[in-house]
Each structure stands twice: as C-alpha cells, then as structure tokens.
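Shown here: data_4.txt, compact mmCIF, C-alpha atoms.
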# COMPACT_ATOMS: atom_id res chain seq x y z
CA ASP A 187 110.83 46.25 62.20
CA GLY A 188 111.08 43.00 60.27
CA LYS A 189 113.52 41.43 62.74
CA THR A 190 113.16 37.77 63.68
CA PHE A 191 113.83 36.47 67.20
CA ASP A 192 114.18 32.86 68.30
CA PHE A 193 113.01 32.18 71.86
CA SER A 194 112.40 28.47 71.34
CA TRP A 195 115.05 27.77 73.99
CA ALA A 196 112.80 29.33 76.64
CA LYS A 197 110.03 27.21 78.13
CA GLY A 198 108.27 30.33 79.33
CA TRP A 199 108.53 33.84 80.72
CA THR A 200 106.92 34.97 83.96
CA ILE A 201 105.54 38.42 84.67
CA GLY A 202 104.50 39.62 88.10
CA GLY A 203 103.56 42.61 90.19
CA GLU A 204 100.26 44.43 90.29
CA GLY A 205 97.55 43.59 87.79
CA THR A 206 98.61 43.06 84.19
CA ASP A 207 95.83 44.06 81.84
CA VAL A 208 94.54 41.18 79.73
CA LYS A 209 94.85 43.15 76.48
CA LYS A 210 98.61 43.57 76.86
CA TYR A 211 99.07 40.05 78.22
CA LYS A 212 97.39 38.50 75.16
CA LYS A 213 99.43 40.71 72.82
CA TRP A 214 102.77 39.65 74.28
CA ASN A 215 101.69 36.04 74.66
CA ASP A 216 101.01 35.95 70.90
CA ILE A 217 104.33 37.69 70.16
CA MET A 218 106.31 35.22 72.25
CA HIS A 219 104.45 32.30 70.70
CA SER A 220 105.46 33.54 67.25
CA CYS A 221 109.09 33.60 68.46
CA GLY A 222 108.96 29.98 69.56
CA CYS A 223 108.32 30.45 73.29
CA SER A 224 105.66 28.14 74.73
CA ALA A 225 103.89 30.65 77.01
CA ILE A 226 103.97 33.72 79.19
CA TYR A 227 103.04 33.06 82.81
CA SER A 228 101.41 35.52 85.20
CA GLY A 229 102.63 34.92 88.74
CA TYR A 230 102.78 36.31 92.24
CA GLY A 231 105.25 36.03 95.09
CA CYS A 232 107.03 38.15 97.65
CA SER A 233 110.39 38.15 99.39
CA GLU A 234 108.75 37.43 102.76
CA LEU A 235 107.80 34.00 101.38
CA PHE A 236 111.06 33.33 99.48
CA SER A 237 109.27 32.08 96.37
CA ALA A 238 106.32 32.36 94.03
CA THR A 239 102.99 31.41 95.59
CA CYS A 240 100.94 30.91 92.43
CA VAL A 241 101.24 31.19 88.64
CA GLU A 242 98.91 31.06 85.64
CA LYS A 243 98.85 31.07 81.85
CA ILE A 244 96.06 31.35 79.30
CA ASP A 245 94.51 27.92 78.82
CA ALA A 246 91.16 26.17 78.62
CA ARG A 247 90.25 26.74 82.26
CA TYR A 248 90.84 30.50 82.25
CA ASN A 249 88.41 32.86 80.51
CA CYS A 250 90.02 36.33 80.93
CA SER A 251 86.71 37.69 82.23
CA LYS A 252 88.31 40.52 84.24
CA SER A 253 90.30 43.54 83.08
CA ILE A 254 93.48 42.18 84.71
CA MET A 255 95.15 38.80 84.35
CA SER A 256 94.86 36.29 87.18
CA VAL A 257 98.06 35.16 88.88
CA GLY A 258 96.65 31.67 89.24
CA ILE A 259 95.64 29.29 92.01
CA PRO A 260 97.82 28.95 95.13
CA TYR A 261 100.40 26.16 95.12
CA ALA A 262 99.88 23.15 97.37
CA GLY A 263 100.72 23.96 100.98
CA ILE A 264 100.01 27.67 100.60
CA THR A 265 96.88 29.29 102.04
CA MET A 266 95.72 32.64 100.66
CA GLY A 267 92.82 34.75 101.87
CA VAL A 268 91.38 38.23 101.39
CA PHE A 269 90.62 40.24 104.52
CA THR A 270 89.25 43.58 105.67
CA GLU A 271 91.30 46.02 107.77
CA SER A 272 89.61 44.63 110.88
CA GLY A 273 90.64 41.06 110.00
CA GLU A 274 87.32 39.76 108.67
CA GLU A 275 87.78 37.26 105.84
CA LEU A 276 85.93 38.22 102.68
CA SER A 277 84.01 36.00 100.30
CA TYR A 278 84.65 35.24 96.63
CA GLY A 279 84.66 38.26 94.33
CA GLN A 280 85.33 40.79 97.10
CA ARG A 281 88.48 42.89 97.31
CA GLY A 282 90.63 43.25 100.40
CA GLU A 283 94.17 42.82 101.64
CA LEU A 284 95.86 39.58 100.63
CA TRP A 285 97.12 37.45 103.53
CA ILE A 286 99.30 34.39 102.94
CA LYS A 287 100.24 31.50 105.21
CA SER A 288 103.06 29.17 104.21
CA LYS A 289 105.83 27.07 105.77
CA SER A 290 108.27 29.06 103.66
CA ALA A 291 107.31 32.35 105.35
CA MET A 292 110.13 34.38 106.84
CA LYS A 293 110.93 34.26 110.53
CA GLU A 294 111.39 38.03 110.78
CA TYR A 295 112.86 41.13 109.18
CA TYR A 296 116.46 41.50 110.25
CA ASN A 297 116.71 43.93 113.17
CA LYS A 298 113.21 45.28 112.48
CA PRO A 299 110.93 43.87 115.19
CA GLU A 300 108.23 46.54 114.77
CA LEU A 301 107.90 45.93 111.02
CA THR A 302 107.87 42.19 111.65
CA ALA A 303 105.03 42.59 114.16
CA GLN A 304 103.02 44.58 111.62
CA THR A 305 103.61 42.17 108.74
CA LYS A 306 103.58 38.68 110.29
CA ILE A 307 100.62 38.11 112.58
CA ASP A 308 99.51 34.68 113.83
CA GLY A 309 101.45 33.04 111.01
CA TRP A 310 99.86 35.19 108.29
CA ILE A 311 101.95 37.44 106.07
CA HIS A 312 100.04 40.68 105.51
CA THR A 313 101.15 41.57 101.97
CA GLY A 314 99.69 45.07 101.67
CA ASP A 315 98.32 44.12 98.24
CA LEU A 316 94.67 44.54 97.29
CA ALA A 317 93.48 41.22 95.92
CA GLU A 318 90.41 39.26 94.95
CA ILE A 319 89.76 35.53 94.74
CA ASP A 320 87.02 34.31 92.41
CA GLU A 321 84.72 31.33 92.90
CA ASN A 322 87.13 29.09 90.96
CA GLY A 323 90.05 29.95 93.24
CA PHE A 324 91.87 32.28 90.84
CA VAL A 325 93.72 35.12 92.55
CA TYR A 326 93.81 38.68 91.16
CA ILE A 327 96.25 41.35 92.33
CA TRP A 328 94.80 44.80 91.72
CA GLY A 329 97.50 46.96 93.33
CA ARG A 330 98.73 48.27 96.67
CA CYS A 331 96.11 48.82 99.37
CA LYS A 332 97.58 52.23 100.20
CA ASP A 333 97.31 53.45 96.59
CA THR A 334 94.13 55.36 97.38
CA ILE A 335 92.56 58.79 97.63
CA ALA A 336 90.31 59.49 100.59
CA LEU A 337 87.19 61.47 99.72
CA SER A 338 85.32 63.87 101.99
CA ASN A 339 82.51 61.34 102.52
CA GLY A 340 84.95 58.70 103.78
CA ARG A 341 84.92 56.72 100.56
CA GLU A 342 88.24 55.68 99.01
CA ILE A 343 89.18 55.64 95.33
CA TYR A 344 91.93 53.33 94.15
CA LEU A 345 94.23 55.03 91.66
CA PHE A 346 94.87 51.80 89.76
CA ASP A 347 91.12 51.52 89.11
CA VAL A 348 91.30 54.89 87.36
CA ALA A 349 94.32 53.71 85.34
CA ASN A 350 92.49 50.51 84.38
CA LYS A 351 89.58 52.64 83.20
CA LEU A 352 91.96 54.53 80.89
CA LYS A 353 93.37 51.26 79.55
CA GLU A 354 89.91 50.21 78.41
CA LYS A 355 90.42 52.52 75.46
CA GLU A 356 91.95 50.74 72.47
CA PHE A 357 94.40 53.60 71.86
CA ILE A 358 95.94 53.39 75.37
CA ASP A 359 98.77 50.87 75.68
CA ASP A 360 99.59 51.56 79.33
CA ALA A 361 98.67 54.06 82.03
CA ILE A 362 99.25 55.02 85.62
CA VAL A 363 97.43 57.70 87.62
CA LEU A 364 98.99 59.72 90.46
CA LEU A 365 97.66 62.30 92.89
CA LEU A 366 99.25 65.75 92.56
CA PRO A 367 100.01 67.69 95.76
CA LEU A 368 98.11 70.79 94.62
CA ARG A 369 95.82 72.92 96.72
CA GLY A 370 92.40 73.83 95.44
CA PRO A 371 88.70 72.97 95.54
CA LYS A 372 89.34 69.69 93.73
CA LYS A 373 92.02 67.03 94.11
CA GLN A 374 94.04 66.95 90.91
CA LEU A 375 95.21 63.78 89.18
CA ALA A 376 98.00 63.30 86.65
CA ALA A 377 97.54 60.53 84.09
CA HIS A 378 100.75 59.08 82.65
CA ILE A 379 99.91 57.30 79.42
CA VAL A 380 101.44 55.48 76.46
CA TRP A 381 99.71 55.55 73.07
CA THR A 382 99.41 52.32 71.09
CA ASP A 383 100.49 54.25 67.99
CA THR A 384 101.71 57.69 66.94
CA PRO A 385 98.61 59.90 66.71
CA SER A 386 98.40 63.16 64.78
CA GLU A 387 97.69 66.45 66.55
CA ALA A 388 94.00 66.19 65.65
CA GLU A 389 93.86 62.60 66.93
CA LYS A 390 95.50 63.62 70.21
CA ILE A 391 92.86 66.31 70.72
CA GLN A 392 90.08 63.84 69.94
CA ARG A 393 91.49 61.16 72.23
CA ILE A 394 92.19 63.41 75.21
CA THR A 395 88.75 64.97 74.85
CA GLU A 396 87.31 61.44 74.91
CA LEU A 397 89.36 60.52 77.98
CA ASN A 398 88.30 63.72 79.77
CA LYS A 399 84.63 62.94 79.17
CA MET A 400 85.00 59.34 80.30
CA LEU A 401 86.81 60.31 83.51
CA LYS A 402 84.38 63.13 84.26
CA ASP A 403 81.59 60.54 84.24
CA TYR A 404 83.65 57.98 86.17
CA LEU A 405 85.27 60.09 88.90
CA PRO A 406 83.48 61.69 91.86
CA SER A 407 83.00 65.45 91.55
CA GLU A 408 85.84 66.35 93.93
CA LEU A 409 88.45 64.74 91.64
CA ALA A 410 89.69 66.12 88.32
CA VAL A 411 92.43 65.28 85.81
CA PHE A 412 94.98 68.09 85.58
CA GLY A 413 96.74 66.76 82.53
CA TYR A 414 98.30 63.85 80.67
CA ALA A 415 102.00 63.01 80.55
CA VAL A 416 102.62 61.09 77.33
CA HIS A 417 105.53 58.63 77.36
CA GLU A 418 107.09 57.11 74.27
CA GLY A 419 107.11 53.32 74.05
CA MET A 420 106.68 52.56 77.74
CA LEU A 421 106.26 54.13 81.15
CA PRO A 422 109.41 54.81 83.22
CA TYR A 423 110.58 51.77 85.18
CA SER A 424 112.91 51.66 88.15
CA PRO A 425 116.21 49.88 87.35
CA ILE A 426 116.29 48.64 90.95
CA SER A 427 112.79 47.28 91.55
CA LEU A 428 111.92 46.76 87.84
CA LYS A 429 108.50 48.23 88.65
CA LYS A 430 106.87 51.36 87.29
CA ASP A 431 108.82 54.27 88.71
CA LYS A 432 106.05 56.13 90.52
CA ASN A 433 108.58 58.22 92.42
CA LYS A 434 110.11 59.59 89.22
CA MET A 435 106.74 60.24 87.60
CA SER A 436 105.41 61.97 90.72
CA LYS A 437 108.22 64.52 90.46
CA GLN A 438 107.36 65.53 86.89
CA THR A 439 106.29 69.17 86.81
CA ILE A 440 106.39 70.02 83.08
CA GLY A 441 105.32 68.43 79.84
CA TYR A 442 101.69 67.66 80.68
CA VAL A 443 99.14 68.13 77.91
CA GLN A 444 95.47 69.01 78.12
CA VAL A 445 92.76 70.08 75.73
CA ILE A 446 91.76 73.67 76.47
CA ASP A 447 89.20 75.48 74.33
CA GLY A 448 89.54 72.81 71.66
CA HIS A 449 93.33 73.14 71.41
CA LEU A 450 96.12 70.93 72.71
CA ARG A 451 98.06 72.89 75.32
CA THR A 452 101.16 72.10 77.34
CA VAL A 453 100.62 72.74 81.03
CA SER A 454 103.00 72.77 83.99
CA ILE A 455 102.45 72.43 87.71
CA ASP A 456 103.99 73.90 90.83
CA ILE A 457 104.55 70.97 93.18
CA THR A 458 104.14 72.15 96.77
CA ASP A 459 105.33 70.19 99.76
CA LYS A 460 102.64 69.10 102.19
Output the structure of this file as structure tokens.
Amino acid sequence: DGKTFDFSWAKGWTIGGEGTDVKKYKKWNDIMHSCGCSAIYSGYGCSELFSATCVEKIDARYNCSKSIMSVGIPYAGITMGVFTESGEELSYGQRGELWIKSKSAMKEYYNKPELTAQTKIDGWIHTGDLAEIDENGFVYIWGRCKDTIALSNGREIYLFDVANKLKEKEFIDDAIVLLLPLRGPKKQLAAHIVWTDTPSEAEKIQRITELNKMLKDYLPSELAVFGYAVHEGMLPYSPISLKKDKNKMSKQTIGYVQVIDGHLRTVSIDITDK
C-alpha cells in the first residue's frame, strides 16, 4: 500500500514449524531485505530440548531444490536421525520420524511418566515429526507423522503432501488439507486455500477446475476433494500455539466452494461424530 517499514534494527527473523514452502520463503526474504533486515532464518526446535536444534538461511550452500525450506544442519553436540516405526534408521533422502539426542534434552514431563516413556527412549527424543535428511546434512520437516489417511491397501497418504501439491500452483499462496468425517464410498477432503490475488468469478471457476483435475490425477481413487474453503489474506492461526488452527478449520461446515456443471457453487457439509 505504499507504506515504508524500517527493520534495519533486526539482525534476522526466524520461522519454524512444519515445512515452509520455498516460494513463500523467498518472497518474504526479499520483502524483509527491502526493509533493511539482513535475513529470514528457517529453524527447528522443540520444548523437550529447551532450544533450537538447527537453523538455516538462503546462501551459497543451499539450492532450494525441494518444495519446502530446509531448517538447516544440526548444531554441534546435537545428533539427529530419521527412523522407521520399528526403530530402523533410514538413509539420506528417506522420510521417517525425527529423533534427536542432546545434552539439553528434558529429564521428563512433569507428573506424566507414561508420556515420558513414549517420548524419551534410550536418550532419544521422539519428536513425532516426519523429517528427511539429505546427503549434505540438511534437515527437512514435512509435518506431523500422524497427519495421514490410511487407505484400504494399507498405504498411507500424508495430508501435507496434498497441500504441498496445491501450493505448486502459482495462484495458491497457502493451503492446508483436512479429512472430513463423512460417510460414503470415498473419503472426502477439504482444501483450505488462500489466493495470491483477488480472482474474478470466471478465474475462480478456471482455477478450481484446474485444481480438481490435478488432484484427481494425484490422489488414489478412494479419495476425493469435497470442496475448497477460501480464506482472505492468510489461513486461521491459533493465538496460543501460533500455528495453523487445524481445530478451527476442521469445524467449518459452511462456505465451501466447488465447481459443479461448470458453475461455482457454495456447498455445506454435515459433520458427523465418529
């Protein structure tokens, strides 16, 4: 809007959480540079370790080859590995649960011995995050391991992979995909999206039609997209956790849009308890 901001007093800003898409990271890195800030850092940490474990910024050694931004290389004294559910360590480029070992790791959860036993095993903190480590040691956080849909053949689909597929489109600024508790022959998904601009009615029809076709080719046959919830500016965030408010979005029952017979229609759902 023509406003000028001066962030030259800030050495840098750090973002964290599950995978930040490179497209948005580069956009905001450029914006903050223009406001005098030296860099935006992508980092990872958890309360069980009392601090960040790694951090990264765009520089000569990082090539942004994946759809999400790396959170960097582990700090000295911190060991990170990616493991299967059975505890087998995976190789570079494979996805599994992130385990972390550090002298800063918590002793226990207060008055929660069972949770402690599930989370801290043989000195390793089991984070519950799905991660990948590439051959150069860069760590990528894709999302929560439990953020999946189990298919009839035993295969699992990660919902954040579907959201990342949506964000490949240049007109999608942000997206999150949730499973709807609806009964029927197919499992129904709700896509919460943010446009990069303000499209006309005709452009909305064209874009949603394009998204439907892409997801039909991408998703297994037993999954389908019920509709799209369009949010203005940004997705809802929790004021407590400062993360995307999946709980709030999962309770949305009205205001979804879908292209039906070439027209943009508003559709509603009847959420049923399981």
Please identify all polymer residues lying at most 8 Å from the point (98.3, 41.7, 97.1) (file coordinates), using only C-alpha atoms, and present the result as an MDAnalysis selection string. chainID A and resid 204 283:285 313:317 327:331
Would you pick out the contacts of A:Ser228 at 6 Å or less, using all atoms listed in the file, so that residues sharing its chain but fewer than 6 positions from it are not included, and give the list as a ChimeraX atom specification? /A:200-202,241-242,257
What separates atom CA of A:Ser290 and atom CA of A:Trp199 is a distance of 23.4 Å
Would you mind listing what lies within 9 Å of stretch 372-383 of chain A as a JSON list (two decimals) with C-alpha atoms, keeping the file's coordinate frame, with only C-alpha atoms counted and same-chain residues fewer than 3 positions away left out?
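Wrote it out as result_34.json, contents follow:
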[["chain", "number", "residue", "atom", "x", "y", "z"],
["A", 335, "ILE", "CA", 92.56, 58.79, 97.63],
["A", 349, "ALA", "CA", 94.32, 53.71, 85.34],
["A", 352, "LEU", "CA", 91.96, 54.53, 80.89],
["A", 353, "LYS", "CA", 93.37, 51.26, 79.55],
["A", 356, "GLU", "CA", 91.95, 50.74, 72.47],
["A", 357, "PHE", "CA", 94.40, 53.60, 71.86],
["A", 358, "ILE", "CA", 95.94, 53.39, 75.37],
["A", 359, "ASP", "CA", 98.77, 50.87, 75.68],
["A", 360, "ASP", "CA", 99.59, 51.56, 79.33],
["A", 361, "ALA", "CA", 98.67, 54.06, 82.03],
["A", 362, "ILE", "CA", 99.25, 55.02, 85.62],
["A", 363, "VAL", "CA", 97.43, 57.70, 87.62],
["A", 364, "LEU", "CA", 98.99, 59.72, 90.46],
["A", 365, "LEU", "CA", 97.66, 62.30, 92.89],
["A", 366, "LEU", "CA", 99.25, 65.75, 92.56],
["A", 367, "PRO", "CA", 100.01, 67.69, 95.76],
["A", 368, "LEU", "CA", 98.11, 70.79, 94.62],
["A", 369, "ARG", "CA", 95.82, 72.92, 96.72],
["A", 407, "SER", "CA", 83.00, 65.45, 91.55],
["A", 408, "GLU", "CA", 85.84, 66.35, 93.93],
["A", 409, "LEU", "CA", 88.45, 64.74, 91.64],
["A", 410, "ALA", "CA", 89.69, 66.12, 88.32],
["A", 411, "VAL", "CA", 92.43, 65.28, 85.81],
["A", 412, "PHE", "CA", 94.98, 68.09, 85.58],
["A", 413, "GLY", "CA", 96.74, 66.76, 82.53],
["A", 414, "TYR", "CA", 98.30, 63.85, 80.67],
["A", 415, "ALA", "CA", 102.00, 63.01, 80.55],
["A", 416, "VAL", "CA", 102.62, 61.09, 77.33],
["A", 417, "HIS", "CA", 105.53, 58.63, 77.36],
["A", 418, "GLU", "CA", 107.09, 57.11, 74.27],
["A", 419, "GLY", "CA", 107.11, 53.32, 74.05],
["A", 420, "MET", "CA", 106.68, 52.56, 77.74],
["A", 421, "LEU", "CA", 106.26, 54.13, 81.15],
["A", 435, "MET", "CA", 106.74, 60.24, 87.60],
["A", 436, "SER", "CA", 105.41, 61.97, 90.72],
["A", 442, "TYR", "CA", 101.69, 67.66, 80.68]]
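Note that the spacing between atom CA of A:Trp214 and atom CA of A:Lys252 amounts to 17.6 Å.
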Select, from A:Val208, A:Met255, A:Cys250, A:Met292, the residue with the minimum atom-to-atom distance to A:Phe236, counting only C-alpha atoms. A:Met292
Considering all atoms listed in the file, can you say which of A:Asn433, A:Asp456, A:Ser194, A:Glu234 comes closest to A:Thr302?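 Among the listed residues, the smallest separation from A:Thr302 belongs to A:Glu234.
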Please measure the separation of atom CA of A:Cys232 and atom CA of A:Gly323, giving the value in Å to one decimal. 19.4 Å
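Taking all atoms listed in the file into account, A:Tyr295 lies nearest to A:Ser233 out of the set A:Val348, A:Gly448, A:Ser233, A:Arg393.
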One residue among A:Leu301, A:Ala238, A:Ala225, A:Leu276 is nearest to A:Gly258 when using only C-alpha atoms, and that residue is A:Ala238
Who sits within 8 Å of A:Gly203, all atoms listed in the file, same chain under 2 positions skipped, as a ChimeraX atom specification: /A:201,205-206,229-230,327,429
Would you compute, for all listed atoms of stretch 317-334 of chain A, the axis-aligned bounding box grown by 5 Å on each side, and then report its centre and edge lengths in Å rounded to one decimal, as lines of an AutoDock Vina configuration file?
center_x = 91.7
center_y = 42.2
center_z = 95.5
size_x = 24.0
size_y = 36.3
size_z = 19.4
